[in-house]
>>> print(open('target_19.txt').read())   # compact mmCIF, C-alpha atoms and all ligand atoms
# COMPACT_ATOMS: atom_id res chain seq x y z
CA MET Z 14 25.23 -0.59 -13.50
CA LYS Z 15 24.55 -4.16 -14.59
CA CYS Z 16 21.94 -6.73 -13.57
CA LYS Z 17 23.40 -9.01 -10.90
CA VAL Z 18 21.85 -12.05 -12.58
CA CYS Z 19 22.48 -11.59 -16.31
CA ARG Z 20 24.86 -8.60 -16.53
CA GLU Z 21 22.53 -6.79 -18.93
CA PRO Z 22 21.96 -3.04 -18.33
CA ALA Z 23 20.11 -2.50 -15.06
CA ALA Z 24 16.62 -1.07 -14.63
CA ILE Z 25 16.53 -0.70 -10.85
CA GLU Z 26 18.72 -0.83 -7.78
CA ILE Z 27 17.45 -2.23 -4.49
CA ARG Z 28 19.92 -1.04 -1.93
CA ARG Z 29 18.73 -3.08 1.03
CA HIS Z 30 19.34 -6.26 -0.97
CA HIS Z 31 22.63 -4.94 -2.43
CA ALA Z 32 21.03 -5.82 -5.73
CA VAL Z 33 20.68 -4.34 -9.18
CA PHE Z 34 18.30 -5.94 -11.66
CA CYS Z 35 17.32 -5.67 -15.31
CA LYS Z 36 13.59 -5.44 -15.97
CA ASP Z 37 12.95 -9.17 -16.30
CA HIS Z 38 15.02 -10.19 -13.31
CA PHE Z 39 13.34 -7.47 -11.26
CA PHE Z 40 9.93 -8.95 -12.16
CA GLU Z 41 11.22 -12.38 -11.22
CA HIS Z 42 12.58 -11.03 -7.92
CA MET Z 43 9.21 -9.42 -7.06
CA SER Z 44 7.34 -12.59 -7.89
CA ARG Z 45 9.67 -14.70 -5.73
CA GLN Z 46 9.36 -12.30 -2.80
CA VAL Z 47 5.58 -12.47 -2.94
CA GLU Z 48 5.59 -16.25 -3.32
CA ARG Z 49 7.93 -16.60 -0.39
CA THR Z 50 5.81 -14.35 1.83
CA ILE Z 51 2.66 -16.29 0.95
CA HIS Z 52 4.47 -19.54 1.72
CA ASP Z 53 6.26 -18.45 4.92
CA PHE Z 54 3.09 -17.19 6.55
CA THR Z 55 0.73 -19.72 4.93
CA MET Z 56 -1.37 -16.93 3.51
CA LEU Z 57 -3.22 -18.69 0.71
CA GLU Z 58 -4.26 -22.32 0.25
CA PRO Z 59 -5.01 -23.99 -3.07
CA GLY Z 60 -8.62 -23.70 -4.15
CA GLU Z 61 -9.48 -20.76 -1.93
CA LYS Z 62 -11.72 -17.99 -3.19
CA ILE Z 63 -9.63 -14.82 -3.08
CA LEU Z 64 -10.74 -11.18 -3.00
CA LEU Z 65 -8.35 -8.23 -3.33
CA GLY Z 66 -9.05 -4.68 -2.17
CA VAL Z 67 -8.18 -2.56 -5.22
CA SER Z 68 -7.65 1.19 -4.90
CA GLY Z 69 -6.21 2.00 -8.31
CA GLY Z 70 -2.88 2.75 -6.64
CA LYS Z 71 0.47 1.13 -7.29
CA ASP Z 72 0.34 -1.46 -4.51
CA SER Z 73 -3.00 -3.09 -5.22
CA LEU Z 74 -2.50 -3.12 -9.00
CA ALA Z 75 1.04 -4.52 -8.71
CA LEU Z 76 -0.23 -7.17 -6.31
CA TRP Z 77 -3.11 -8.13 -8.59
CA ASP Z 78 -0.63 -8.49 -11.44
CA LEU Z 79 1.85 -10.54 -9.42
CA LEU Z 80 -0.78 -12.89 -7.97
CA THR Z 81 -2.43 -13.41 -11.35
CA ASP Z 82 0.92 -14.26 -12.93
CA LEU Z 83 1.62 -16.66 -10.08
CA GLY Z 84 -1.55 -18.50 -11.12
CA TYR Z 85 -3.96 -17.31 -8.43
CA GLU Z 86 -7.48 -16.43 -9.47
CA VAL Z 87 -8.18 -13.17 -7.72
CA ASP Z 88 -11.30 -10.99 -7.92
CA GLY Z 89 -11.04 -7.30 -7.06
CA VAL Z 90 -13.29 -4.93 -5.19
CA TYR Z 91 -13.07 -1.17 -5.52
CA ILE Z 92 -14.72 1.12 -2.99
CA GLU Z 93 -15.86 4.44 -4.43
CA LEU Z 94 -15.19 6.88 -1.59
CA GLY Z 95 -16.56 10.02 -3.25
CA ILE Z 96 -13.36 12.03 -2.81
CA GLY Z 97 -12.76 14.99 -5.11
CA GLY Z 98 -16.16 15.29 -6.82
CA GLU Z 99 -17.29 14.25 -10.31
CA GLU Z 100 -13.95 14.22 -12.08
CA GLY Z 101 -11.79 14.11 -9.00
CA TYR Z 102 -9.46 11.76 -7.21
CA SER Z 103 -11.85 8.86 -6.60
CA SER Z 104 -13.34 8.68 -10.08
CA GLY Z 105 -9.87 8.86 -11.62
CA SER Z 106 -8.68 5.99 -9.42
CA LEU Z 107 -11.74 3.95 -10.36
CA GLN Z 108 -11.04 4.42 -14.06
CA LEU Z 109 -7.48 3.17 -13.59
CA ALA Z 110 -8.67 0.12 -11.64
CA GLU Z 111 -11.33 -0.64 -14.27
CA GLN Z 112 -8.88 -0.21 -17.10
CA TYR Z 113 -6.43 -2.65 -15.53
CA ALA Z 114 -9.15 -5.23 -14.84
CA LYS Z 115 -10.36 -4.93 -18.42
CA ASN Z 116 -6.87 -5.28 -19.90
CA ARG Z 117 -6.25 -8.47 -17.98
CA ASP Z 118 -9.79 -9.77 -18.13
CA LEU Z 119 -10.26 -9.82 -14.37
CA ASN Z 120 -13.40 -9.34 -12.27
CA LEU Z 121 -13.75 -6.01 -10.50
CA GLN Z 122 -16.73 -5.31 -8.28
CA VAL Z 123 -17.47 -1.67 -7.45
CA VAL Z 124 -19.11 -0.61 -4.22
CA ASP Z 125 -20.23 3.01 -4.07
CA LEU Z 126 -20.33 4.34 -0.51
CA ALA Z 127 -22.85 7.03 -1.50
CA THR Z 128 -25.34 4.76 -3.25
CA ASP Z 129 -24.88 1.67 -1.09
CA TYR Z 130 -24.36 3.25 2.32
CA GLY Z 131 -25.64 6.81 1.94
CA TYR Z 132 -22.52 8.94 2.49
CA THR Z 133 -19.14 9.94 1.04
CA ILE Z 134 -15.86 10.26 2.95
CA PRO Z 135 -15.73 14.09 2.79
CA GLU Z 136 -19.30 14.23 4.14
CA ALA Z 137 -18.55 11.81 6.96
CA ALA Z 138 -15.36 13.68 7.91
CA ALA Z 139 -17.23 17.00 8.02
CA GLU Z 140 -20.19 15.59 9.96
CA THR Z 141 -18.09 13.77 12.58
CA ARG Z 142 -15.28 16.37 12.67
CA ARG Z 143 -12.83 13.50 12.48
CA VAL Z 144 -9.72 13.24 10.32
CA ALA Z 145 -10.79 11.94 6.89
CA CYS Z 146 -8.40 8.97 7.00
CA SER Z 147 -9.96 7.79 10.22
CA VAL Z 148 -13.55 7.57 8.90
CA CYS Z 149 -12.15 6.36 5.59
CA GLY Z 150 -10.16 3.55 7.23
CA LEU Z 151 -13.16 2.50 9.28
CA SER Z 152 -15.41 2.49 6.21
CA LYS Z 153 -12.96 0.58 4.01
CA ARG Z 154 -12.23 -2.07 6.63
CA TYR Z 155 -15.90 -2.67 7.19
CA VAL Z 156 -17.00 -2.69 3.55
CA LEU Z 157 -14.11 -4.88 2.37
CA ASN Z 158 -14.85 -7.48 5.02
CA ARG Z 159 -18.55 -7.28 4.29
CA VAL Z 160 -18.12 -7.77 0.54
CA ALA Z 161 -15.70 -10.65 1.12
CA HIS Z 162 -18.00 -12.30 3.63
CA ASP Z 163 -21.22 -11.87 1.65
CA GLY Z 164 -19.50 -12.97 -1.55
CA GLY Z 165 -18.36 -16.24 0.02
CA TYR Z 166 -14.64 -15.43 -0.21
CA ASP Z 167 -12.21 -17.38 1.97
CA VAL Z 168 -9.60 -14.69 2.17
CA LEU Z 169 -9.21 -10.94 1.69
CA VAL Z 170 -5.88 -9.87 0.23
CA MET Z 171 -4.56 -6.41 1.07
CA GLY Z 172 -1.89 -4.36 -0.70
CA HIS Z 173 -0.04 -3.21 2.42
CA ASN Z 174 3.68 -3.03 1.73
CA LEU Z 175 6.87 -2.99 3.80
CA ASP Z 176 6.74 0.79 4.25
CA ASP Z 177 3.11 0.73 5.39
CA GLU Z 178 3.70 -1.97 7.95
CA ALA Z 179 7.01 -0.56 9.22
CA ALA Z 180 5.37 2.87 9.64
CA VAL Z 181 2.45 1.43 11.60
CA LEU Z 182 4.80 -0.56 13.80
CA MET Z 183 6.97 2.49 14.38
CA GLY Z 184 3.98 4.63 15.34
CA ASN Z 185 2.64 2.02 17.72
CA THR Z 186 6.05 1.35 19.21
CA LEU Z 187 6.82 5.01 19.86
CA ASN Z 188 3.57 5.13 21.83
CA TRP Z 189 3.91 1.61 23.26
CA ASN Z 190 0.43 0.88 22.08
CA LEU Z 191 0.55 -2.77 23.09
CA GLU Z 192 -2.89 -3.69 21.91
CA TYR Z 193 -2.23 -2.51 18.37
CA ILE Z 194 1.28 -3.96 18.37
CA GLY Z 195 -0.18 -7.34 19.28
CA ARG Z 196 -2.64 -7.08 16.44
CA GLN Z 197 -0.07 -6.39 13.72
CA ARG Z 198 0.20 -9.71 11.92
CA PRO Z 199 0.86 -10.77 8.31
CA VAL Z 200 -2.27 -12.92 8.60
CA LEU Z 201 -5.29 -11.78 10.57
CA PRO Z 202 -7.32 -14.92 11.13
CA ALA Z 203 -11.10 -14.93 10.98
CA THR Z 204 -11.49 -15.18 14.73
CA LYS Z 205 -15.24 -14.58 14.79
CA GLU Z 206 -18.22 -15.50 12.68
CA GLY Z 207 -18.68 -12.73 10.13
CA LEU Z 208 -14.98 -11.94 9.75
CA VAL Z 209 -12.91 -12.99 6.76
CA ARG Z 210 -9.18 -13.82 7.04
CA LYS Z 211 -6.91 -10.98 5.90
CA VAL Z 212 -3.43 -11.40 4.43
CA LYS Z 213 -0.67 -9.04 3.25
CA PRO Z 214 1.55 -10.64 0.60
CA LEU Z 215 3.51 -7.41 -0.15
CA LEU Z 216 5.02 -7.33 3.32
CA ARG Z 217 8.53 -7.89 1.98
CA ILE Z 218 8.28 -5.29 -0.77
CA ALA Z 219 8.99 -1.58 -0.39
CA GLU Z 220 6.65 0.91 -1.99
CA ARG Z 221 9.34 2.20 -4.28
CA GLU Z 222 9.41 -1.29 -5.75
CA THR Z 223 5.66 -1.58 -6.37
CA ALA Z 224 5.77 1.84 -8.06
CA ALA Z 225 8.77 0.76 -10.16
CA TYR Z 226 7.02 -2.50 -11.00
CA CYS Z 227 3.99 -0.63 -12.36
CA VAL Z 228 6.13 1.78 -14.39
CA LEU Z 229 8.25 -1.01 -15.88
CA LYS Z 230 5.19 -3.19 -16.60
CA GLY Z 231 3.30 -0.30 -18.16
CA ILE Z 232 0.52 -0.47 -15.57
CA ASP Z 233 -1.19 2.93 -15.24
CA TYR Z 234 -1.87 3.69 -11.61
CA GLU Z 235 -3.07 6.66 -9.57
CA VAL Z 236 0.02 8.78 -9.00
CA ASP Z 237 -1.74 11.74 -7.43
CA GLU Z 238 -2.05 11.84 -3.70
CA CYS Z 239 -5.50 11.77 -2.11
CA PRO Z 240 -6.43 15.42 -1.39
CA LEU Z 241 -7.61 14.48 2.12
CA VAL Z 242 -4.34 12.93 3.25
CA GLY Z 243 -3.32 16.02 5.25
CA GLY Z 244 -3.37 15.34 8.97
CA ASN Z 245 -2.29 11.77 8.40
CA THR Z 246 0.66 10.92 10.62
CA GLY Z 247 1.51 7.65 8.87
CA ILE Z 248 3.05 9.50 5.97
CA ARG Z 249 5.35 11.50 8.26
CA MET Z 250 6.39 8.27 9.94
CA LYS Z 251 7.34 6.88 6.53
CA GLU Z 252 9.42 9.96 5.79
CA TRP Z 253 11.31 9.61 9.06
CA LEU Z 254 11.93 5.92 8.44
CA ASN Z 255 13.24 6.76 4.98
CA VAL Z 256 15.76 9.17 6.46
CA ILE Z 257 17.16 6.29 8.53
CA GLU Z 258 16.84 3.86 5.62
CA SER Z 259 18.88 6.08 3.32
CA GLU Z 260 21.79 5.98 5.74
CA ARG Z 261 21.26 2.39 6.86
CA PRO Z 262 19.68 0.44 3.99
CA GLY Z 263 17.66 -2.50 5.29
CA THR Z 264 16.53 -0.81 8.49
CA LYS Z 265 12.83 -0.96 7.64
CA GLN Z 266 12.98 -4.62 6.78
CA ARG Z 267 15.01 -5.54 9.84
CA PHE Z 268 12.66 -3.56 12.05
CA LEU Z 269 9.51 -5.21 10.68
CA PHE Z 270 10.80 -8.75 10.23
CA GLY Z 271 12.71 -8.72 13.49
CA PHE Z 272 9.42 -7.90 15.11
CA LEU Z 273 7.44 -10.53 13.20
CA ASP Z 274 10.06 -13.27 13.64
CA ARG Z 275 11.21 -12.67 17.18
CA VAL Z 276 8.97 -10.29 19.08
CA SER Z 277 5.36 -10.32 17.97
CA ASP Z 278 4.46 -13.54 19.82
CA GLN Z 279 5.28 -11.85 23.09
CA PHE Z 280 2.71 -9.17 22.38
CA ALA Z 281 0.02 -11.52 21.20
CA SER Z 282 -1.50 -11.74 24.66
CA ALA Z 283 -2.04 -7.98 24.72
CA HIS Z 284 -4.75 -8.29 22.12
CA GLN Z 285 -5.97 -11.76 22.91
CA GLU Z 286 -7.41 -10.70 26.25
CA GLU Z 287 -10.81 -12.11 25.49
CA VAL Z 288 -13.15 -9.25 24.96
CA GLU Z 289 -16.77 -10.32 24.84
CA LEU Z 290 -17.97 -9.79 21.31
CA ASN Z 291 -21.60 -9.81 20.40
CA GLU Z 292 -23.36 -9.27 17.12
CA CYS Z 293 -24.13 -5.76 15.93
CA SER Z 294 -27.89 -5.45 16.22
CA ASN Z 295 -28.05 -3.86 12.79
CA CYS Z 296 -25.63 -5.79 10.58
CA GLY Z 297 -24.58 -8.84 12.60
CA GLN Z 298 -20.84 -8.07 12.49
CA PRO Z 299 -18.84 -8.69 15.69
CA THR Z 300 -18.69 -5.70 18.03
CA THR Z 301 -18.21 -4.93 21.72
CA ASN Z 302 -21.22 -2.63 21.72
CA GLU Z 303 -24.85 -2.79 20.70
CA LEU Z 304 -24.08 -1.29 17.29
CA CYS Z 305 -20.73 -1.70 15.49
CA SER Z 306 -18.77 1.50 14.85
CA PHE Z 307 -19.61 1.38 11.15
CA CYS Z 308 -23.36 1.18 11.75
CA LEU Z 309 -23.04 4.02 14.27
CA LEU Z 310 -21.35 6.14 11.61
CA GLN Z 311 -23.85 5.15 8.95
CA GLY Z 312 -26.76 5.91 11.29
CA ARG Z 313 -25.34 9.30 12.12
CA MET Z 314 -24.93 10.10 8.41
CA ALA Z 315 -28.52 8.99 7.72
CA ASP Z 316 -29.86 11.19 10.54
CA ARG Z 317 -28.07 14.37 9.51
CA GLY Z 318 -30.38 17.22 8.73
CA MET R 25 17.26 20.29 -17.55
CA LYS R 26 13.60 20.41 -16.78
CA VAL R 27 12.48 18.63 -13.59
CA VAL R 28 8.82 17.76 -13.16
CA LEU R 29 7.63 17.23 -9.60
CA ARG R 30 4.28 15.77 -8.53
CA ASN R 31 1.80 16.24 -5.71
CA PRO R 32 1.30 19.03 -6.47
CA ARG R 33 2.53 19.08 -10.07
CA ARG R 34 5.20 21.71 -10.68
CA GLU R 35 8.31 22.21 -12.79
CA LEU R 36 11.72 23.62 -12.21
CA GLU R 37 14.91 24.20 -14.19
CA ILE R 38 18.39 23.06 -13.24
CA GLU R 39 21.40 24.39 -15.17
CA GLY R 40 23.76 21.99 -16.89
CA ASP R 41 24.33 18.22 -16.77
CA ALA R 42 24.24 16.22 -13.55
CA SER R 43 23.98 12.66 -12.31
CA VAL R 44 20.65 11.55 -10.85
CA LYS R 45 22.33 11.33 -7.48
CA ASP R 46 23.44 14.95 -7.67
CA VAL R 47 20.05 16.19 -8.86
CA LEU R 48 18.37 14.56 -5.88
CA LYS R 49 21.00 15.86 -3.52
CA ARG R 50 20.60 19.39 -4.84
CA LEU R 51 16.86 19.24 -4.31
CA ASP R 52 17.30 17.60 -0.91
CA ILE R 53 15.23 14.56 -1.89
CA ILE R 54 15.87 11.15 -0.35
CA PRO R 55 16.43 8.63 -3.18
CA GLU R 56 14.23 6.02 -1.42
CA THR R 57 11.20 8.26 -1.79
CA VAL R 58 11.09 8.82 -5.56
CA LEU R 59 11.39 7.18 -8.93
CA VAL R 60 13.31 9.18 -11.50
CA ILE R 61 11.73 8.75 -14.91
CA ARG R 62 12.95 9.90 -18.33
CA ASP R 63 10.92 9.02 -21.44
CA GLY R 64 9.08 6.27 -19.59
CA GLU R 65 12.30 4.64 -18.40
CA LEU R 66 13.58 4.50 -14.83
CA LEU R 67 16.94 6.10 -14.18
CA LEU R 68 19.56 4.80 -11.77
CA LYS R 69 21.50 7.04 -9.42
CA THR R 70 24.62 6.93 -11.60
CA ASP R 71 22.79 7.89 -14.80
CA LEU R 72 23.63 11.25 -16.33
CA VAL R 73 20.88 13.76 -17.01
CA THR R 74 21.82 16.31 -19.64
CA ASP R 75 20.79 19.92 -19.89
CA ALA R 76 18.33 19.12 -22.70
CA ASP R 77 16.50 16.36 -20.76
CA THR R 78 13.17 16.42 -18.99
CA ILE R 79 12.90 14.14 -15.98
CA GLU R 80 10.01 13.36 -13.67
CA LEU R 81 10.60 12.86 -9.95
CA ARG R 82 7.68 10.71 -8.98
CA PRO R 83 7.02 10.28 -5.26
CA VAL R 84 6.37 6.72 -4.17
CA ILE R 85 5.14 7.35 -0.65
CA SER R 86 1.43 7.08 -0.30
CA GLY R 87 -0.52 8.02 2.75
CA GLY R 88 -3.79 6.97 4.13
CA SER R 89 -5.16 4.65 6.69
CA THR R 90 -2.96 1.61 6.86
CA ARG R 91 -4.67 -0.32 9.57
S1 LIG Z 401 -5.61 9.27 2.20
FE1 LIG Z 401 -7.04 9.00 3.86
S2 LIG Z 401 -8.99 9.81 3.10
FE2 LIG Z 401 -7.67 9.55 1.32
S3 LIG Z 401 -8.20 7.51 0.53
FE3 LIG Z 401 -6.45 7.23 1.93
S4 LIG Z 401 -7.38 6.79 3.93
FE4 LIG Z 401 -8.99 7.64 2.61
ZN ZN Z 402 18.94 -9.58 -15.66
ZN ZN Z 403 -23.03 -3.07 12.26
>>> encode(input="target_19.txt", output="C-alpha cells")
Amino acid sequence: MKCKVCREPAAIEIRRHHAVFCKDHFFEHMSRQVERTIHDFTMLEPGEKILLGVSGGKDSLALWDLLTDLGYEVDGVYIELGIGGEEGYSSGSLQLAEQYAKNRDLNLQVVDLATDYGYTIPEAAAETRRVACSVCGLSKRYVLNRVAHDGGYDVLVMGHNLDDEAAVLMGNTLNWNLEYIGRQRPVLPATKEGLVRKVKPLLRIAERETAAYCVLKGIDYEVDECPLVGGNTGIRMKEWLNVIESERPGTKQRFLFGFLDRVSDQFASAHQEEVELNECSNCGQPTTNELCSFCLLQGRMADRG
Amino acid sequence: MKVVLRNPRRELEIEGDASVKDVLKRLDIIPETVLVIRDGELLLKTDLVTDADTIELRPVISGGSTR
C-alpha cells in the first residue's frame, strides 16, 4: 500500500477516511485533525494559559506532542493514584510522563493523592466498596480542576479520543440517560466560579491512531492496562462499537459527530435545568450539597480506623 | 512465527507464513483494536509475516473513567 499523498510506502491505514499514509503525512493528518477540532469548537484562544491532564498513556502524550508542535505552550499535570504499589502501574506511568516532559523540555507538575489528599485509589475503592474507576474518576476530575484553578490556568485540556466519547455516548444512549447526554460536549464551559473550562481536542481521532502516533514518533507510553480496570463497562462498550466499526468503517465518527452537530442542542436543556449550586463548606468548589462529593470521600478516608 | 500479546503478556506460535489480515482473523482479533508491530515498525493488513518473524499485537483500547 502507498501513501495517498506522496505514493511512498505506507505506514498506516485509516479505514474510516479511506486513507493510507506514510509516516510524515500521517503526522500531518493528525496535526490537521487536532487543529480543525480546536478551531471548529473554539477550544483554545491565543494567549491562554493551558494545562493538560497527563496520564503517561498514549492519548495524553500524543496530545501534548501535537499541541506543542502546533505552537501551543502547554503545562502538564500528573496525578499519582497509588495503583500497583512501589514499582507498579502508577509509578511506571509517572516515569513515562516525566521522561517525555524531560525530552521535550516541558513542565510537568505531579500531585500525589496519598501525600496531598491522604489516600490512594485502591484504598478508597476498598473503603467505599465502590468500583475503582468510579472513585478514581471522581478524584481525577476534582484534582485536575483544582490544580488548573489554583494555578491560574484558563483551560484544562483532556486526552479523550473518538473511542472514549463514542463509548460514553453509546452507554448513555442505551440507557437514555438524558442528563449525561446533555452534558457531553467538546467544550465544557466554566459555568460556575471555581470551575475551569475543559476541552477535548482529540475528539476526531481514534485511539488506534494515538497509539500509532506514539509508536511512529518513538514516544514511550504506558502500554499495560491499569490492573483495576475490571468492572469497567466503558471498555466493553468500546469493544462492541469496534465490532460494528470493523464492518461499517466510520460508524463511531458518524455516531459521535452526528450527535454533536445535529442532536446535542436538543438535549442541552436536560442538564441546564438550573440546579442551585452552593460552595462546598470545606473547599469552596460548586456543589449541590453542604460538602462536595470529593470532600466527602476525602473525609471518609481521613476518618477510617 | 512468534506472536506476542499484551495485557497480560503472553506468547504463542503460528505455523508458516501469513498476511497480517489472516493472522488477526485466525486469532479472532478485530483489526481496529490492535497495532501490529514488527521490529518497531507498524505493519499493514496486507503485509506478509514469515515463519521466522516475531510480531507484537498491541491492544489500543484503554479503559477507565472517561467522564
Ligand atoms: S482504569 Fe479505572 S482505576 Fe485505573 S486509572 Fe483508569 S479510571 Fe483509574
Ligand atoms: Zn506520504
Ligand atoms: Zn469540597
>>> residues_near_ligand(input="target_19.txt", ligand="ligand ZN 402 (chain Z)", cutoff="12 Å", atoms="all atoms listed in the file", output="ChimeraX atom specification")
/Z:14-26,32-42
>>> residues_around(input="target_19.txt", residues="Arg62 (chain R)", least_positions_apart="4", cutoff="8 Å", atoms="only C-alpha atoms", output="VMD selection string")
chain R and resid 66 to 67 77 to 80
>>> atom_distance(input="target_19.txt", atom1="CA of Gly184 (chain Z)", atom2="CA of Glu260 (chain Z)")
20.3 Å
>>> interface_residues(input="target_19.txt", of="chain R", to="chain Z", cutoff="10 Å", atoms="all atoms listed in the file", output="MDAnalysis selection string")
chainID R and resid 30:33 53:61 64:71 82:91
>>> closest_residue(input="target_19.txt", among="Z:Gly164, Z:Pro199, Z:Gly297, Z:Gly95", to="ligand LIG 401 (chain Z)", atoms="all atoms listed in the file")
Z:Gly95
>>> residues_near_ligand(input="target_19.txt", ligand="ligand ZN 403 (chain Z)", cutoff="12 Å", atoms="all atoms listed in the file", output="PyMOL selection string")
chain Z and resi 130+151-152+155-156+158-159+207+291-312
>>> closest_residue(input="target_19.txt", among="Z:Leu94, Z:Leu175, Z:Ile51, Z:Ala203", to="ligand LIG 401 (chain Z)", atoms="only C-alpha atoms and all ligand atoms")
Z:Leu94
>>> atom_distance(input="target_19.txt", atom1="CA of Gly66 (chain Z)", atom2="CA of Arg267 (chain Z)")
26.9 Å
>>> residues_around(input="target_19.txt", residues="Leu51 (chain R)", least_positions_apart="2", cutoff="12 Å", atoms="all atoms listed in the file", output="list in words")
Val27, Leu29, Leu36, Glu37, Ile38, Val44, Lys45, Asp46, Val47, Leu48, Lys49, Ile53, Ile54, Pro55, Val58 and Leu81 of chain R
>>> axis_aligned_box(input="target_19.txt", around="ligand LIG 401 (chain Z)", padding_each_side="6 Å", output="JSON")
{"center_x": -7.3, "center_y": 8.3, "center_z": 2.2, "size_x": 15.4, "size_y": 15.0, "size_z": 15.4}
>>> atom_distance(input="target_19.txt", atom1="CA of Arg210 (chain Z)", atom2="CA of Leu126 (chain Z)")
22.6 Å
>>> closest_residue(input="target_19.txt", among="Z:Leu119, Z:Ile92, Z:Leu157, Z:Val168", to="ligand LIG 401 (chain Z)", atoms="all atoms listed in the file")
Z:Ile92
